[in-house]
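Structure data (compact mmCIF, C-alpha atoms) from input16.txt:
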# COMPACT_ATOMS: atom_id res chain seq x y z
CA MET A 1 -59.46 -63.65 -52.26
CA ASN A 2 -62.79 -62.84 -53.84
CA VAL A 3 -63.75 -59.25 -53.02
CA LEU A 4 -67.31 -58.04 -53.53
CA ALA A 5 -67.99 -54.29 -53.51
CA ILE A 6 -71.67 -53.32 -53.50
CA GLY A 7 -72.70 -49.73 -54.11
CA CYS A 8 -76.07 -48.11 -54.55
CA HIS A 9 -75.63 -46.11 -57.76
CA PRO A 10 -73.28 -46.75 -60.69
CA ASP A 11 -70.65 -44.24 -59.52
CA ASP A 12 -70.71 -44.78 -55.74
CA LEU A 13 -67.91 -47.36 -55.65
CA GLU A 14 -65.65 -45.20 -57.80
CA ILE A 15 -66.20 -42.32 -55.37
CA ALA A 16 -65.59 -44.18 -52.11
CA CYS A 17 -63.43 -47.27 -52.63
CA SER A 18 -62.12 -47.68 -56.17
CA GLY A 19 -58.54 -46.95 -55.11
CA THR A 20 -58.74 -49.86 -52.67
CA LEU A 21 -60.35 -52.09 -55.30
CA ALA A 22 -57.59 -51.20 -57.78
CA ARG A 23 -54.94 -52.12 -55.19
CA LEU A 24 -56.65 -55.44 -54.51
CA ALA A 25 -56.83 -56.20 -58.23
CA LYS A 26 -53.15 -55.31 -58.69
CA GLU A 27 -52.29 -57.69 -55.85
CA GLY A 28 -53.99 -60.54 -57.71
CA HIS A 29 -57.33 -60.71 -55.90
CA ASN A 30 -60.61 -61.19 -57.76
CA VAL A 31 -62.63 -57.98 -57.55
CA TYR A 32 -66.35 -57.85 -58.35
CA MET A 33 -68.41 -54.66 -58.40
CA VAL A 34 -72.18 -54.30 -58.01
CA HIS A 35 -74.57 -51.38 -58.29
CA VAL A 36 -78.01 -52.12 -56.88
CA ALA A 37 -79.90 -49.09 -58.20
CA ASN A 38 -79.62 -48.46 -61.92
CA GLY A 39 -79.29 -44.67 -61.65
CA ASP A 40 -82.25 -43.95 -63.92
CA MET A 41 -83.36 -40.83 -62.04
CA GLY A 42 -79.97 -39.13 -61.90
CA HIS A 43 -80.59 -36.49 -64.57
CA ALA A 44 -83.19 -33.80 -65.24
CA ILE A 45 -82.95 -33.90 -69.06
CA ILE A 46 -81.96 -37.45 -70.07
CA MET A 47 -85.01 -39.66 -69.68
CA PRO A 48 -84.85 -42.65 -67.28
CA PRO A 49 -84.78 -45.55 -69.81
CA GLU A 50 -81.95 -43.95 -71.80
CA LEU A 51 -80.08 -42.94 -68.67
CA ARG A 52 -80.38 -46.42 -67.19
CA ASP A 53 -78.63 -47.94 -70.22
CA MET A 54 -76.06 -45.15 -70.37
CA ARG A 55 -75.11 -45.50 -66.72
CA GLU A 56 -74.79 -49.27 -66.96
CA GLN A 57 -72.26 -48.92 -69.77
CA GLU A 58 -70.37 -46.22 -67.84
CA ALA A 59 -70.21 -48.52 -64.81
CA ILE A 60 -68.86 -51.43 -66.85
CA LYS A 61 -66.18 -49.22 -68.41
CA ALA A 62 -65.15 -47.83 -65.03
CA GLY A 63 -65.14 -51.25 -63.38
CA LEU A 64 -62.93 -52.79 -66.04
CA MET A 65 -60.56 -49.83 -65.71
CA VAL A 66 -60.28 -50.47 -61.96
CA GLY A 67 -59.57 -54.15 -62.64
CA ALA A 68 -62.88 -55.77 -61.75
CA LYS A 69 -63.55 -59.27 -63.07
CA LYS A 70 -67.23 -58.43 -63.53
CA VAL A 71 -69.64 -55.55 -62.95
CA TYR A 72 -73.19 -56.50 -61.89
CA ASN A 73 -76.33 -54.41 -62.26
CA VAL A 74 -79.04 -55.53 -59.81
CA ASP A 75 -81.26 -53.12 -61.78
CA ILE A 76 -83.64 -51.68 -59.19
CA GLY A 77 -84.92 -48.20 -60.05
CA ASP A 78 -83.74 -45.13 -58.14
CA CYS A 79 -85.84 -44.01 -55.17
CA VAL A 80 -87.84 -47.28 -54.94
CA LEU A 81 -85.35 -49.50 -53.11
CA GLY A 82 -87.49 -49.51 -49.97
CA ARG A 83 -90.54 -50.69 -51.91
CA ASP A 84 -88.55 -53.23 -53.96
CA PHE A 85 -86.43 -54.42 -51.02
CA GLN A 86 -87.36 -58.10 -51.30
CA GLU A 87 -86.67 -58.30 -55.02
CA GLY A 88 -83.38 -56.46 -54.58
CA LEU A 89 -82.52 -58.83 -51.73
CA ARG A 90 -83.29 -61.87 -53.89
CA ARG A 91 -81.13 -60.65 -56.77
CA LEU A 92 -78.29 -59.70 -54.45
CA VAL A 93 -78.32 -63.16 -52.84
CA GLY A 94 -77.82 -64.54 -56.35
CA VAL A 95 -74.76 -62.35 -56.87
CA ILE A 96 -73.25 -63.26 -53.49
CA ARG A 97 -73.70 -66.98 -54.11
CA GLU A 98 -72.10 -66.64 -57.53
CA VAL A 99 -69.10 -64.63 -56.30
CA GLN A 100 -68.57 -66.48 -52.97
CA PRO A 101 -66.80 -63.44 -51.45
CA ASP A 102 -64.18 -63.50 -48.72
CA PHE A 103 -65.34 -60.04 -47.66
CA ILE A 104 -67.76 -57.34 -48.76
CA ILE A 105 -67.46 -53.55 -49.03
CA THR A 106 -70.62 -51.44 -49.01
CA HIS A 107 -72.25 -48.23 -47.77
CA ASN A 108 -72.17 -47.04 -44.19
CA PRO A 109 -75.55 -47.65 -42.47
CA GLU A 110 -75.92 -43.88 -42.02
CA ASP A 111 -75.47 -41.87 -45.20
CA TYR A 112 -76.91 -38.82 -46.87
CA MET A 113 -79.78 -40.42 -48.81
CA GLN A 114 -82.26 -43.23 -48.27
CA ASP A 115 -81.18 -45.32 -51.26
CA HIS A 116 -77.69 -45.66 -49.75
CA VAL A 117 -79.15 -46.60 -46.37
CA GLU A 118 -81.43 -49.20 -47.97
CA VAL A 119 -78.49 -50.79 -49.80
CA SER A 120 -76.46 -51.00 -46.60
CA LYS A 121 -79.35 -52.82 -44.89
CA MET A 122 -79.91 -54.98 -47.96
CA VAL A 123 -76.26 -56.07 -48.09
CA PHE A 124 -76.23 -56.97 -44.39
CA GLU A 125 -79.37 -59.08 -44.79
CA ALA A 126 -78.43 -60.61 -48.15
CA SER A 127 -74.98 -61.66 -47.00
CA PHE A 128 -76.56 -63.68 -44.18
CA THR A 129 -79.49 -64.92 -46.24
CA ALA A 130 -77.04 -66.20 -48.85
CA SER A 131 -75.75 -68.65 -46.22
CA VAL A 132 -79.22 -70.25 -45.78
CA PRO A 133 -79.57 -72.94 -48.49
CA HIS A 134 -83.37 -73.07 -48.55
CA MET A 135 -83.77 -69.32 -49.02
CA PHE A 136 -83.96 -68.48 -52.73
CA PRO A 137 -83.04 -72.04 -53.82
CA GLU A 138 -83.02 -70.91 -57.45
CA PHE A 139 -79.50 -69.68 -56.66
CA PRO A 140 -77.44 -72.74 -55.64
CA ASN A 141 -74.28 -72.95 -53.51
CA ALA A 142 -74.85 -71.21 -50.20
CA ALA A 143 -72.16 -68.66 -49.29
CA ALA A 144 -70.32 -68.14 -46.01
CA VAL A 145 -71.15 -65.22 -43.72
CA VAL A 146 -68.17 -62.89 -44.17
CA PRO A 147 -66.80 -59.58 -42.82
CA ILE A 148 -68.33 -56.35 -44.11
CA TYR A 149 -66.39 -53.10 -44.44
CA TYR A 150 -68.33 -49.85 -44.64
CA MET A 151 -66.88 -47.29 -47.04
CA ASP A 152 -66.76 -43.54 -46.55
CA THR A 153 -69.86 -41.37 -46.76
CA LEU A 154 -70.18 -38.67 -49.38
CA ALA A 155 -67.82 -35.84 -48.30
CA GLY A 156 -67.03 -37.85 -45.15
CA HIS A 157 -69.92 -36.46 -43.11
CA GLY A 158 -70.43 -38.34 -39.84
CA PHE A 159 -67.80 -40.94 -40.73
CA GLU A 160 -64.74 -41.59 -38.57
CA PRO A 161 -62.56 -44.25 -40.24
CA GLU A 162 -61.15 -47.14 -38.24
CA LEU A 163 -58.99 -48.39 -41.09
CA TYR A 164 -57.21 -46.59 -43.90
CA VAL A 165 -55.91 -47.83 -47.21
CA ASP A 166 -53.05 -45.99 -48.90
CA ILE A 167 -54.16 -45.28 -52.49
CA THR A 168 -51.38 -42.86 -53.41
CA ASP A 169 -50.30 -45.05 -56.33
CA GLU A 170 -53.94 -45.56 -57.40
CA ILE A 171 -55.31 -42.00 -57.17
CA ASP A 172 -54.91 -41.23 -60.88
CA LEU A 173 -56.65 -44.49 -61.81
CA LYS A 174 -59.41 -43.76 -59.29
CA LEU A 175 -60.09 -40.37 -60.85
CA GLU A 176 -59.96 -41.72 -64.41
CA ALA A 177 -62.48 -44.42 -63.47
CA LEU A 178 -64.72 -41.76 -61.94
CA LYS A 179 -64.54 -39.77 -65.18
CA CYS A 180 -66.09 -42.74 -66.99
CA HIS A 181 -69.39 -41.69 -65.38
CA GLU A 182 -69.65 -38.85 -67.85
CA SER A 183 -73.43 -38.44 -67.61
CA GLN A 184 -73.07 -37.50 -63.94
CA ILE A 185 -69.74 -35.64 -63.97
CA LYS A 186 -70.78 -33.39 -66.86
CA TRP A 187 -74.27 -32.75 -65.45
CA MET A 188 -72.99 -31.78 -62.01
CA LEU A 189 -70.41 -29.41 -63.49
CA GLU A 190 -72.85 -27.71 -65.87
CA HIS A 191 -75.96 -27.72 -63.68
CA ASP A 192 -74.64 -27.56 -60.10
CA LYS A 193 -71.23 -25.95 -60.77
CA ILE A 194 -69.55 -28.82 -58.86
CA ASP A 195 -66.27 -30.27 -60.10
CA PHE A 196 -66.95 -33.71 -58.69
CA VAL A 197 -63.59 -35.16 -59.72
CA GLU A 198 -61.81 -32.44 -57.73
CA TRP A 199 -64.19 -33.04 -54.83
CA VAL A 200 -63.41 -36.76 -54.67
CA GLN A 201 -59.68 -36.08 -54.96
CA SER A 202 -59.92 -33.62 -52.06
CA ILE A 203 -61.62 -36.21 -49.80
CA SER A 204 -58.93 -38.76 -50.68
CA ARG A 205 -56.27 -36.18 -49.85
CA PHE A 206 -57.95 -35.41 -46.52
CA ARG A 207 -58.04 -39.11 -45.58
CA GLY A 208 -54.39 -39.25 -46.60
CA LEU A 209 -53.56 -36.37 -44.27
CA GLN A 210 -55.29 -38.21 -41.44
CA SER A 211 -53.30 -41.39 -42.03
CA GLY A 212 -49.88 -40.00 -42.97
CA VAL A 213 -49.88 -40.66 -46.72
CA GLN A 214 -50.67 -38.62 -49.82
CA TYR A 215 -54.06 -40.17 -50.61
CA ALA A 216 -56.17 -42.70 -48.73
CA GLU A 217 -59.63 -44.21 -48.40
CA GLY A 218 -61.27 -44.81 -45.03
CA PHE A 219 -63.37 -47.73 -43.79
CA ARG A 220 -65.26 -48.92 -40.75
CA THR A 221 -65.96 -52.52 -39.76
CA CYS A 222 -69.29 -54.24 -39.20
CA LYS A 223 -69.10 -55.55 -35.63
CA ALA A 224 -71.96 -58.06 -35.72
CA HIS A 225 -71.34 -61.68 -34.71
CA SER A 226 -69.50 -63.73 -37.36
CA ARG A 227 -68.41 -60.53 -39.17
CA VAL A 228 -65.35 -59.85 -37.02
CA THR A 229 -61.88 -61.14 -37.93
CA CYS A 230 -58.38 -60.60 -36.58
CA LYS A 231 -56.99 -60.73 -40.12
CA ARG A 232 -56.13 -57.64 -42.16
CA LEU A 233 -58.22 -58.21 -45.29
CA LEU A 234 -57.94 -54.71 -46.76
CA PRO A 235 -54.61 -53.98 -48.48
Same coordinates, now as structure tokens:
Amino acid sequence: MNVLAIGCHPDDLEIACSGTLARLAKEGHNVYMVHVANGDMGHAIIMPPELRDMREQEAIKAGLMVGAKKVYNVDIGDCVLGRDFQEGLRRLVGVIREVQPDFIITHNPEDYMQDHVEVSKMVFEASFTASVPHMFPEFPNAAAVVPIYYMDTLAGHGFEPELYVDITDEIDLKLEALKCHESQIKWMLEHDKIDFVEWVQSISRFRGLQSGVQYAEGFRTCKAHSRVTCKRLLP
């Protein structure tokens, strides 16, 4: 299968679903990772142009560690996704048509910040728009409308999983991939006194406790028409 994971910022996929992506890659599936926003506003000292380039390289390193075939940067600035929605939609349609995914993982429609919410809406719209040949014809080969799985919210607030993936064997890899995002991990520890690696591990442990394993990641399904399947697509 071709699996397309679409996050807002360069570290969001590592936080919420990289254990699942690593399992899929180990099982021989083609995993592709996308960050829509470039993360250029995620630091108070490093200036946006430098941070944008830094975070792209961190995302590529982390994605390759997880086992992704390719890491895409849609390259929309932080905090402007609502204003640049159409351009982000256009670029995302191009990625979907290139990857031809069997299913998509992205943000829950309700999350803690607007950029995440905008990406969730953008993915839902782009994944349908990609099936319409005369929309954005500069990107050939229309894609099928496929199931969407919503990944956990930050710290699990307001999110009750329907499906769990056992990532016990992948937890160390998940945390190492997260550590690749050094500009964020170091800043949060020094500035906010938050050990984000420990935080993410704790959420994975909590989801594991809920599902009877050591570590897990939780997901919900998009229940719109043509998104529902009786197959188990997650590992």
Could you tell me how far atom CA of Asp75 of chain A sits from atom CA of Glu190 of chain A, in Å to one decimal place?
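So the answer is 27.1 Å.
Nearest-residue note for Val36 of chain A: choosing from A:His9, A:Lys61, A:Lys70, A:Arg23, the minimum distance belongs to A:His9, counting only C-alpha atoms.
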Distance in Å - atom CA of Arg220 of chain A versus atom CA of Tyr32 of chain A:
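According to the coordinates, atom CA of Arg220 of chain A and atom CA of Tyr32 of chain A are separated by 19.8 Å.
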Determine, counting all atoms listed in the file, which protein, DNA and RNA residues have an atom within 7 Å of an atom of Arg207 of chain A; residues of the same chain fewer than 5 positions away are not included. Present the result as an MDAnalysis selection string.
chainID A and resid 215:218
Residue contacts of Gln86 of chain A (10 Å, all atoms listed in the file) excluding same-chain residues fewer than 6 positions away, as JSON, numbers by chain:
{"A": [92, 122, 126]}
Polymer residues at most 10 Å from (-79.7, -43.3, -58.9) by all atoms listed in the file, as a PyMOL selection string
chain A and resi 8-12+35-43+48+51-52+55+76-80+115-116
Pull C-alpha atoms from the residues just selected and write them as a PDB file, in the frame of the given file.
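Wrote it out as out-v7.pdb, contents follow:
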ATOM      1  CA  CYS A   8     -76.070 -48.110 -54.550  1.00  0.00           C
ATOM      2  CA  HIS A   9     -75.630 -46.110 -57.760  1.00  0.00           C
ATOM      3  CA  PRO A  10     -73.280 -46.750 -60.690  1.00  0.00           C
ATOM      4  CA  ASP A  11     -70.650 -44.240 -59.520  1.00  0.00           C
ATOM      5  CA  ASP A  12     -70.710 -44.780 -55.740  1.00  0.00           C
ATOM      6  CA  HIS A  35     -74.570 -51.380 -58.290  1.00  0.00           C
ATOM      7  CA  VAL A  36     -78.010 -52.120 -56.880  1.00  0.00           C
ATOM      8  CA  ALA A  37     -79.900 -49.090 -58.200  1.00  0.00           C
ATOM      9  CA  ASN A  38     -79.620 -48.460 -61.920  1.00  0.00           C
ATOM     10  CA  GLY A  39     -79.290 -44.670 -61.650  1.00  0.00           C
ATOM     11  CA  ASP A  40     -82.250 -43.950 -63.920  1.00  0.00           C
ATOM     12  CA  MET A  41     -83.360 -40.830 -62.040  1.00  0.00           C
ATOM     13  CA  GLY A  42     -79.970 -39.130 -61.900  1.00  0.00           C
ATOM     14  CA  HIS A  43     -80.590 -36.490 -64.570  1.00  0.00           C
ATOM     15  CA  PRO A  48     -84.850 -42.650 -67.280  1.00  0.00           C
ATOM     16  CA  LEU A  51     -80.080 -42.940 -68.670  1.00  0.00           C
ATOM     17  CA  ARG A  52     -80.380 -46.420 -67.190  1.00  0.00           C
ATOM     18  CA  ARG A  55     -75.110 -45.500 -66.720  1.00  0.00           C
ATOM     19  CA  ILE A  76     -83.640 -51.680 -59.190  1.00  0.00           C
ATOM     20  CA  GLY A  77     -84.920 -48.200 -60.050  1.00  0.00           C
ATOM     21  CA  ASP A  78     -83.740 -45.130 -58.140  1.00  0.00           C
ATOM     22  CA  CYS A  79     -85.840 -44.010 -55.170  1.00  0.00           C
ATOM     23  CA  VAL A  80     -87.840 -47.280 -54.940  1.00  0.00           C
ATOM     24  CA  ASP A 115     -81.180 -45.320 -51.260  1.00  0.00           C
ATOM     25  CA  HIS A 116     -77.690 -45.660 -49.750  1.00  0.00           C
TER      26      HIS A 116
END
Work out how far apart atom CA of Cys180 of chain A and atom CA of Val197 of chain A are and give it in Å to one decimal.
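If I compute the distance from atom CA of Cys180 of chain A to atom CA of Val197 of chain A, I get 10.8 Å.
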Between A:Val31, A:Leu209, A:Leu4, A:Val200, which residue has the minimum interatomic distance to Tyr164 of chain A, considering all atoms listed in the file?
A:Leu209
Just segment 125-144 of chain A from the block, N, CA, C and O atoms, as a compact mmCIF listing (two decimals), in the first residue's frame, could you?
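Dumped everything to selection.txt:
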# COMPACT_ATOMS: atom_id res chain seq x y z
N GLU A 125 -10.54 18.22 1.87
CA GLU A 125 -10.92 18.80 0.58
C GLU A 125 -9.98 18.37 -0.53
O GLU A 125 -10.42 18.01 -1.63
N ALA A 126 -8.67 18.38 -0.25
CA ALA A 126 -7.69 18.04 -1.29
C ALA A 126 -7.82 16.60 -1.73
O ALA A 126 -7.65 16.28 -2.92
N SER A 127 -8.12 15.70 -0.79
CA SER A 127 -8.20 14.28 -1.14
C SER A 127 -9.40 13.99 -2.04
O SER A 127 -9.38 13.04 -2.82
N PHE A 128 -10.46 14.81 -1.95
CA PHE A 128 -11.56 14.69 -2.91
C PHE A 128 -11.24 15.42 -4.20
O PHE A 128 -11.45 14.90 -5.30
N THR A 129 -10.72 16.63 -4.07
CA THR A 129 -10.39 17.42 -5.26
C THR A 129 -9.40 16.70 -6.16
O THR A 129 -9.48 16.80 -7.39
N ALA A 130 -8.50 15.93 -5.56
CA ALA A 130 -7.51 15.18 -6.34
C ALA A 130 -8.16 14.13 -7.24
O ALA A 130 -7.54 13.64 -8.19
N SER A 131 -9.42 13.78 -6.97
CA SER A 131 -10.12 12.80 -7.79
C SER A 131 -10.84 13.44 -8.98
O SER A 131 -11.40 12.73 -9.82
N VAL A 132 -10.83 14.77 -9.06
CA VAL A 132 -11.54 15.50 -10.12
C VAL A 132 -10.51 15.93 -11.18
O VAL A 132 -9.73 16.86 -10.94
N PRO A 133 -10.48 15.28 -12.34
CA PRO A 133 -9.39 15.50 -13.29
C PRO A 133 -9.21 16.94 -13.76
O PRO A 133 -8.08 17.38 -14.00
N HIS A 134 -10.30 17.69 -13.88
CA HIS A 134 -10.19 19.04 -14.43
C HIS A 134 -9.87 20.10 -13.38
O HIS A 134 -9.74 21.28 -13.71
N MET A 135 -9.76 19.69 -12.13
CA MET A 135 -9.28 20.60 -11.09
C MET A 135 -7.76 20.49 -11.01
O MET A 135 -7.22 19.38 -10.90
N PHE A 136 -7.08 21.60 -11.11
CA PHE A 136 -5.62 21.66 -11.08
C PHE A 136 -5.02 20.67 -12.10
O PHE A 136 -4.28 19.74 -11.74
N PRO A 137 -5.34 20.86 -13.40
CA PRO A 137 -4.87 19.92 -14.42
C PRO A 137 -3.36 19.92 -14.61
O PRO A 137 -2.83 19.04 -15.29
N GLU A 138 -2.67 20.89 -14.00
CA GLU A 138 -1.20 20.85 -14.08
C GLU A 138 -0.62 19.65 -13.36
O GLU A 138 0.56 19.30 -13.56
N PHE A 139 -1.43 19.02 -12.50
CA PHE A 139 -1.02 17.78 -11.84
C PHE A 139 -1.82 16.63 -12.45
O PHE A 139 -3.01 16.49 -12.15
N PRO A 140 -1.23 15.81 -13.30
CA PRO A 140 -1.99 14.76 -13.98
C PRO A 140 -2.30 13.57 -13.06
O PRO A 140 -1.85 13.51 -11.91
N ASN A 141 -3.08 12.65 -13.59
CA ASN A 141 -3.38 11.37 -12.92
C ASN A 141 -4.23 11.56 -11.67
O ASN A 141 -3.74 11.54 -10.54
N ALA A 142 -5.52 11.73 -11.88
CA ALA A 142 -6.45 11.87 -10.77
C ALA A 142 -6.33 10.69 -9.81
O ALA A 142 -6.05 9.55 -10.22
N ALA A 143 -6.51 10.95 -8.52
CA ALA A 143 -6.37 9.94 -7.47
C ALA A 143 -7.75 9.50 -7.00
O ALA A 143 -8.74 10.22 -7.15
N ALA A 144 -7.81 8.31 -6.41
CA ALA A 144 -9.06 7.81 -5.84
C ALA A 144 -9.35 8.52 -4.52
O ALA A 144 -8.44 9.00 -3.83
